[in-house]
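Next comes protein27.txt, a file with compact mmCIF, C-alpha atoms.
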# COMPACT_ATOMS: atom_id res chain seq x y z
CA MET A 1 69.55 132.27 -95.61
CA ASN A 2 72.72 133.43 -97.25
CA ASP A 3 74.37 131.04 -99.72
CA VAL A 4 77.38 132.46 -101.55
CA SER A 5 79.67 130.48 -103.80
CA VAL A 6 82.21 131.64 -106.37
CA ALA A 7 85.48 130.38 -107.70
CA ALA A 8 88.39 131.65 -105.63
CA ALA A 9 91.96 132.10 -106.76
CA PRO A 10 94.54 129.85 -105.09
CA ALA A 11 95.62 131.27 -101.76
CA GLN A 12 99.15 132.18 -100.85
CA LYS A 13 100.59 129.37 -98.78
CA ALA A 14 101.89 130.15 -95.32
CA SER A 15 105.06 128.77 -93.89
CA GLY A 16 105.18 127.13 -90.49
CA ALA A 17 102.20 125.41 -88.90
CA PHE A 18 99.45 126.72 -91.21
CA PHE A 19 98.31 126.90 -94.79
CA VAL A 20 96.58 130.13 -95.77
CA GLU A 21 93.48 129.15 -97.74
CA LYS A 22 90.74 131.21 -99.38
CA VAL A 23 87.05 130.97 -98.55
CA THR A 24 85.05 129.68 -101.54
CA TRP A 25 81.55 129.29 -100.06
CA VAL A 26 79.62 130.43 -96.99
CA GLN A 27 76.21 129.19 -95.82
CA HIS A 28 74.44 130.82 -92.86
CA TRP A 29 71.88 128.28 -91.71
CA THR A 30 70.52 130.10 -88.65
CA ASP A 31 71.51 132.89 -86.27
CA SER A 32 73.75 130.41 -84.49
CA LEU A 33 75.02 128.00 -87.17
CA PHE A 34 76.98 128.36 -90.39
CA SER A 35 79.21 126.40 -92.75
CA PHE A 36 82.04 127.41 -95.03
CA ARG A 37 84.47 125.91 -97.52
CA THR A 38 88.02 126.84 -98.40
CA THR A 39 90.59 125.96 -100.99
CA ARG A 40 92.75 122.94 -100.17
CA ASP A 41 96.50 122.72 -100.56
CA PRO A 42 97.39 119.77 -102.83
CA GLY A 43 99.79 118.55 -100.16
CA PHE A 44 97.19 118.46 -97.38
CA ARG A 45 96.21 114.89 -96.52
CA PHE A 46 93.68 113.71 -93.93
CA ALA A 47 91.45 110.75 -93.13
CA SER A 48 87.69 111.28 -93.19
CA GLY A 49 86.55 112.02 -89.62
CA GLN A 50 89.69 113.85 -88.49
CA PHE A 51 89.91 117.42 -87.20
CA VAL A 52 92.36 120.25 -87.82
CA MET A 53 93.16 123.64 -86.37
CA VAL A 54 91.27 126.43 -88.16
CA GLY A 55 91.30 130.17 -87.56
CA LEU A 56 92.27 133.69 -88.44
CA THR A 57 95.28 135.94 -88.08
CA LYS A 58 94.93 138.50 -85.30
CA GLU A 59 95.88 142.15 -85.68
CA ASP A 60 99.21 141.45 -84.02
CA GLY A 61 99.95 138.84 -86.67
CA LYS A 62 99.51 135.86 -84.35
CA PRO A 63 97.11 133.04 -85.18
CA LEU A 64 93.80 132.61 -83.34
CA VAL A 65 92.70 129.03 -83.95
CA ARG A 66 90.41 126.29 -82.66
CA ALA A 67 89.98 122.60 -83.51
CA TYR A 68 87.35 121.88 -86.16
CA SER A 69 86.24 118.54 -87.56
CA ILE A 70 86.62 118.51 -91.33
CA ALA A 71 83.14 118.13 -92.80
CA SER A 72 84.28 117.30 -96.33
CA PRO A 73 85.43 113.79 -97.28
CA SER A 74 89.12 113.07 -97.74
CA TRP A 75 88.79 112.93 -101.54
CA HIS A 76 87.20 116.36 -101.97
CA GLU A 77 89.17 119.20 -103.56
CA GLU A 78 87.91 121.71 -101.00
CA LEU A 79 87.73 121.74 -97.20
CA GLU A 80 84.37 122.20 -95.50
CA PHE A 81 83.63 123.15 -91.89
CA TYR A 82 80.46 123.41 -89.78
CA SER A 83 80.45 125.92 -86.93
CA ILE A 84 78.41 127.55 -84.22
CA LYS A 85 78.34 131.33 -83.81
CA VAL A 86 79.17 132.79 -80.41
CA PRO A 87 78.63 136.59 -80.35
CA ASP A 88 81.48 137.26 -77.91
CA GLY A 89 83.57 134.20 -78.76
CA PRO A 90 87.23 135.03 -79.39
CA LEU A 91 87.25 133.14 -82.71
CA THR A 92 83.69 132.52 -83.89
CA SER A 93 82.63 136.14 -83.32
CA ARG A 94 85.05 136.95 -86.15
CA LEU A 95 84.90 133.75 -88.17
CA GLN A 96 81.13 134.01 -88.67
CA LYS A 97 81.72 137.22 -90.64
CA ILE A 98 84.01 135.69 -93.27
CA GLN A 99 83.10 136.12 -96.92
CA VAL A 100 84.12 134.47 -100.16
CA GLY A 101 87.69 135.46 -100.97
CA ASP A 102 88.77 135.98 -97.34
CA GLU A 103 91.78 134.09 -96.02
CA VAL A 104 91.58 131.43 -93.32
CA LEU A 105 94.35 129.55 -91.51
CA ILE A 106 94.29 125.76 -91.85
CA GLY A 107 96.63 123.66 -89.72
CA ARG A 108 99.03 121.33 -91.49
CA LYS A 109 98.56 118.40 -89.11
CA PRO A 110 95.09 116.81 -88.98
CA THR A 111 94.42 114.32 -86.19
CA GLY A 112 91.59 112.68 -84.27
CA THR A 113 90.06 109.41 -83.17
CA LEU A 114 86.91 109.37 -85.33
CA VAL A 115 88.48 107.31 -88.11
CA LEU A 116 87.62 103.88 -89.46
CA ASP A 117 90.97 102.47 -88.38
CA GLY A 118 89.99 102.97 -84.73
CA LEU A 119 87.23 100.37 -85.08
CA LYS A 120 87.25 96.60 -85.36
CA PRO A 121 85.47 95.12 -88.38
CA GLY A 122 81.69 95.06 -87.93
CA LYS A 123 78.36 94.86 -89.69
CA ARG A 124 76.66 98.12 -88.72
CA LEU A 125 78.20 101.56 -88.17
CA TRP A 126 76.43 104.06 -85.92
CA MET A 127 77.50 107.71 -85.99
CA LEU A 128 75.84 109.50 -83.06
CA GLY A 129 76.17 113.29 -83.16
CA THR A 130 74.69 116.33 -81.45
CA GLY A 131 74.82 119.90 -82.77
CA THR A 132 77.93 120.62 -84.82
CA GLY A 133 79.13 117.17 -83.76
CA LEU A 134 77.53 116.19 -87.07
CA ALA A 135 80.62 117.52 -88.88
CA PRO A 136 82.75 114.34 -88.92
CA TRP A 137 79.71 112.34 -90.10
CA LEU A 138 79.43 114.71 -93.06
CA SER A 139 82.93 113.62 -93.99
CA LEU A 140 82.54 109.91 -93.30
CA ALA A 141 79.08 109.57 -94.88
CA ARG A 142 80.58 110.78 -98.17
CA ASP A 143 83.54 108.39 -98.03
CA PRO A 144 83.16 105.25 -100.20
CA GLU A 145 85.30 103.21 -97.81
CA VAL A 146 82.61 103.46 -95.13
CA TYR A 147 80.15 101.59 -97.35
CA GLU A 148 82.76 99.06 -98.37
CA ARG A 149 83.40 98.19 -94.71
CA PHE A 150 79.83 98.18 -93.37
CA ASP A 151 76.51 96.71 -94.49
CA GLU A 152 74.53 99.45 -92.77
CA VAL A 153 75.45 103.05 -91.87
CA ILE A 154 73.27 105.01 -89.44
CA VAL A 155 73.75 108.75 -88.82
CA THR A 156 71.86 110.32 -85.91
CA HIS A 157 71.72 114.10 -85.38
CA THR A 158 70.20 115.54 -82.22
CA VAL A 159 69.50 119.29 -82.05
CA ARG A 160 67.39 121.70 -80.03
CA ASN A 161 65.26 123.12 -82.84
CA VAL A 162 64.06 121.85 -86.21
CA ALA A 163 65.87 124.72 -87.96
CA ASP A 164 69.13 123.29 -86.61
CA LEU A 165 68.80 120.12 -88.69
CA ASN A 166 71.22 121.47 -91.27
CA TYR A 167 72.31 119.00 -93.94
CA ARG A 168 69.06 117.08 -93.59
CA ASP A 169 68.52 117.26 -97.34
CA LEU A 170 72.03 115.92 -97.95
CA PHE A 171 71.28 112.72 -96.02
CA GLU A 172 67.67 112.25 -97.11
CA HIS A 173 67.98 113.09 -100.80
CA GLU A 174 71.36 114.15 -102.16
CA LEU A 175 73.54 111.23 -101.05
CA PRO A 176 71.14 108.40 -102.00
CA ASN A 177 70.72 110.03 -105.43
CA ASP A 178 74.34 111.08 -105.96
CA GLU A 179 75.65 110.16 -109.43
CA ILE A 180 78.87 108.72 -108.06
CA LEU A 181 78.08 107.64 -104.50
CA GLY A 182 74.40 106.77 -104.89
CA GLU A 183 74.90 103.25 -106.25
CA LEU A 184 77.45 102.44 -103.55
CA ILE A 185 75.31 103.87 -100.76
CA GLY A 186 72.06 102.33 -101.99
CA SER A 187 69.87 101.52 -99.01
CA LYS A 188 72.82 101.24 -96.61
CA LEU A 189 72.56 104.81 -95.28
CA LYS A 190 69.92 105.68 -92.69
CA TYR A 191 69.50 109.17 -91.23
CA TYR A 192 67.82 109.66 -87.86
CA PRO A 193 67.25 113.31 -86.82
CA THR A 194 65.88 114.12 -83.36
CA VAL A 195 64.78 117.42 -81.83
CA THR A 196 64.66 118.18 -78.10
CA ARG A 197 62.80 121.49 -77.78
CA GLU A 198 60.17 121.50 -80.53
CA ASP A 199 57.57 119.14 -81.92
CA PHE A 200 59.08 116.81 -84.50
CA LYS A 201 58.49 113.31 -85.82
CA THR A 202 61.28 112.11 -83.52
CA ARG A 203 61.63 114.07 -80.30
CA GLY A 204 64.11 113.63 -77.47
CA ARG A 205 67.73 113.20 -76.51
CA ILE A 206 69.50 110.39 -78.32
CA THR A 207 70.52 108.90 -74.97
CA ASP A 208 66.85 108.61 -73.93
CA LEU A 209 65.87 107.15 -77.30
CA ILE A 210 68.59 104.52 -76.92
CA ALA A 211 67.61 103.73 -73.33
CA SER A 212 63.93 103.31 -74.23
CA GLY A 213 64.75 101.35 -77.37
CA LYS A 214 62.76 103.74 -79.55
CA VAL A 215 65.66 104.47 -81.91
CA PHE A 216 66.01 100.77 -82.69
CA GLU A 217 62.27 100.36 -83.10
CA ASP A 218 62.04 103.36 -85.43
CA LEU A 219 64.93 102.17 -87.60
CA GLY A 220 64.01 98.51 -87.55
CA THR A 221 67.43 97.50 -86.25
CA PRO A 222 68.37 95.28 -83.30
CA PRO A 223 69.60 96.90 -80.05
CA PHE A 224 73.32 97.61 -79.70
CA ASP A 225 75.42 94.45 -79.89
CA PRO A 226 79.23 94.65 -79.59
CA ALA A 227 79.51 91.57 -81.78
CA VAL A 228 78.27 93.43 -84.87
CA ASP A 229 77.78 97.13 -84.07
CA ARG A 230 80.49 99.78 -84.24
CA VAL A 231 79.80 103.26 -82.86
CA MET A 232 81.30 106.73 -83.27
CA LEU A 233 80.37 109.57 -80.90
CA CYS A 234 80.74 113.33 -81.30
CA GLY A 235 78.98 116.10 -79.37
CA GLY A 236 78.83 117.97 -76.10
CA PRO A 237 80.76 116.63 -73.08
CA SER A 238 77.69 115.65 -71.03
CA VAL A 239 75.95 113.69 -73.76
CA LEU A 240 79.24 112.04 -74.73
CA ALA A 241 79.74 110.84 -71.15
CA ASP A 242 76.21 109.42 -71.07
CA LEU A 243 76.54 107.72 -74.47
CA LYS A 244 79.90 106.24 -73.55
CA GLN A 245 78.45 104.78 -70.34
CA GLN A 246 75.52 103.31 -72.26
CA LEU A 247 77.96 101.52 -74.55
CA LEU A 248 80.22 100.34 -71.73
CA ASP A 249 77.17 98.95 -69.92
CA ARG A 250 76.41 96.91 -73.03
CA GLY A 251 79.89 95.42 -73.18
CA PHE A 252 81.42 97.71 -75.81
CA GLU A 253 85.15 98.47 -75.63
CA GLU A 254 86.57 101.87 -76.54
CA GLY A 255 89.04 101.82 -79.40
CA SER A 256 91.86 103.86 -80.87
CA ILE A 257 94.07 103.68 -83.92
CA ALA A 258 96.69 101.90 -81.80
CA GLN A 259 94.10 99.48 -80.36
CA PRO A 260 90.89 99.26 -82.47
CA GLY A 261 87.71 98.66 -80.50
CA ASP A 262 83.92 98.71 -80.68
CA PHE A 263 83.48 102.49 -80.37
CA VAL A 264 85.44 105.74 -80.60
CA LEU A 265 84.57 109.25 -79.47
CA GLU A 266 85.60 112.86 -79.95
CA LYS A 267 84.41 115.83 -77.93
CA ALA A 268 82.67 118.81 -79.52
CA PHE A 269 85.32 121.29 -80.49
CA VAL A 270 84.46 124.89 -81.16
CA GLU A 271 82.50 126.52 -78.37
CA THR A 272 83.99 130.02 -78.53
Since I need it in another form, could you write the structure as structure tokens?
Amino acid sequence: MNDVSVAAAPAQKASGAFFVEKVTWVQHWTDSLFSFRTTRDPGFRFASGQFVMVGLTKEDGKPLVRAYSIASPSWHEELEFYSIKVPDGPLTSRLQKIQVGDEVLIGRKPTGTLVLDGLKPGKRLWMLGTGTGLAPWLSLARDPEVYERFDEVIVTHTVRNVADLNYRDLFEHELPNDEILGELIGSKLKYYPTVTREDFKTRGRITDLIASGKVFEDLGTPPFDPAVDRVMLCGGPSVLADLKQQLLDRGFEEGSIAQPGDFVLEKAFVET
């Protein structure tokens, strides 16, 4: 595991559609997953849960970018991202090799549907993520407003292998014991990791665990109820389609910032 972190000098700011920021930290979790942080322009504003275009400058000077959910909360002084590695991917084959001090392009216009304003008021917030679809939950779970709006916050993370449960320690130990957020979070935050291809205390696809009722039994919470539950979805297209149908079948209505509802979803972004 490679964990590198040093202070980086402020990056030169680009004109046009992108800021040019400097990498301040890189964490290689596995052969296929890594995270990194960059400096953040003081003028860059976003809501926790949004995504932004991130990438590198090609040899011809043109940008090569993809959409990435911002994994850091809106109040943080740096920007964090969580990515897969694709050996022959146009972007990630290069991005996975970045080091502290390298420059990265950050789009100036964040957007996305995974924001609190897309949901009606509720009692319990579910954030259902697969793979790097955990990224927006990393942002939202560190945002005080989430705990001010909801009595209970449940983050699920479904992966293939146990080694892919990156950030597990953050949810199980760091956040509940955080000097600033810990008191606010208290017992409100619940983390529910599941693994599909290896033995683990909770095994299976989140869709199956919802259908069987096991997730509710394990957490000691009632089954989905559109009267009190609000749900956010982020992951691969197939699991998103299945999760969305499960919610629709239970009477949930999809929401947006223009028309808040019972659930919102965002597809998994970087696949190349």
Distance query Thr221 in chain A at most 12 Å, all atoms listed in the file, self and fewer than 3 positions along chain excluded, as an MDAnalysis selection string: chainID A and resid 123:126 152:154 190 210 213:218 224:225 228:229
Considering all atoms listed in the file, state which residue in the set A:Trp75, A:Phe34, A:Phe19, A:Trp25 is at the smallest distance from Met53 in chain A.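 Counting all atoms listed in the file, the residue closest to Met53 in chain A is A:Phe19.
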For Glu77 in chain A, which residue among A:Asp199, A:Asp208, A:Glu183, A:Asp41 is the nearest when counting only C-alpha atoms? A:Asp41
Using only C-alpha atoms, find the one residue out of A:Asn161, A:Gly49, A:Lys109, A:Asp249 that sits nearest to Trp137 in chain A. A:Gly49
Between A:Phe46, A:Phe18, A:Tyr192, A:Phe263, which residue has the minimum interatomic distance to Ser139 in chain A, considering all atoms listed in the file?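 Of the candidates, the smallest distance to Ser139 in chain A is held by A:Phe46.
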I'd like the neighbourhood of Ile257 in chain A as a ChimeraX atom specification, where a residue qualifies if any of its atoms comes within 10 Å (using all atoms listed in the file), though same-chain residues fewer than 4 positions away should be ignored. /A:112-120,261,264
For CA of Lys22 in chain A and CA of Val100 in chain A, determine how far apart the two atoms are, in Å to one decimal place. 7.4 Å
Neighbours of point (72.9, 116.0, -97.5) within 12 Å, using all atoms listed in the file, written as an NGL selection string: :A and (71-72 or 134-135 or 137-139 or 141-142 or 155 or 165-178 or 182 or 189-191)
One decimal, Å: what's the distance from CA of Leu91 in chain A over to CA of Leu105 in chain A, could you say? 11.9 Å
May I ask for the distance between CA of Thr130 in chain A and CA of Val20 in chain A, given in Å to one decimal place?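 CA of Val20 in chain A lies 29.6 Å from CA of Thr130 in chain A.
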Need the shell around Lys97 in chain A: protein/DNA/RNA residues with any atom at most 12 Å away, counting only C-alpha atoms. Skip same-chain ones fewer than 6 positions apart. Format as a PyMOL selection string? chain A and resi 2+23+26-28+31+33-36+56+83+85-87+91+103-104
Of the candidates A:Val52, A:Met127, A:Val231, A:Leu181, which shows the shortest atom-to-atom distance to Leu247 in chain A, using all atoms listed in the file? A:Val231
Closest of A:Asp242, A:Pro144, A:Pro223, A:Pro42 to Thr207 in chain A - atom-to-atom distances counting all atoms listed in the file: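 Under the stated criterion, the closest residue is A:Asp242.
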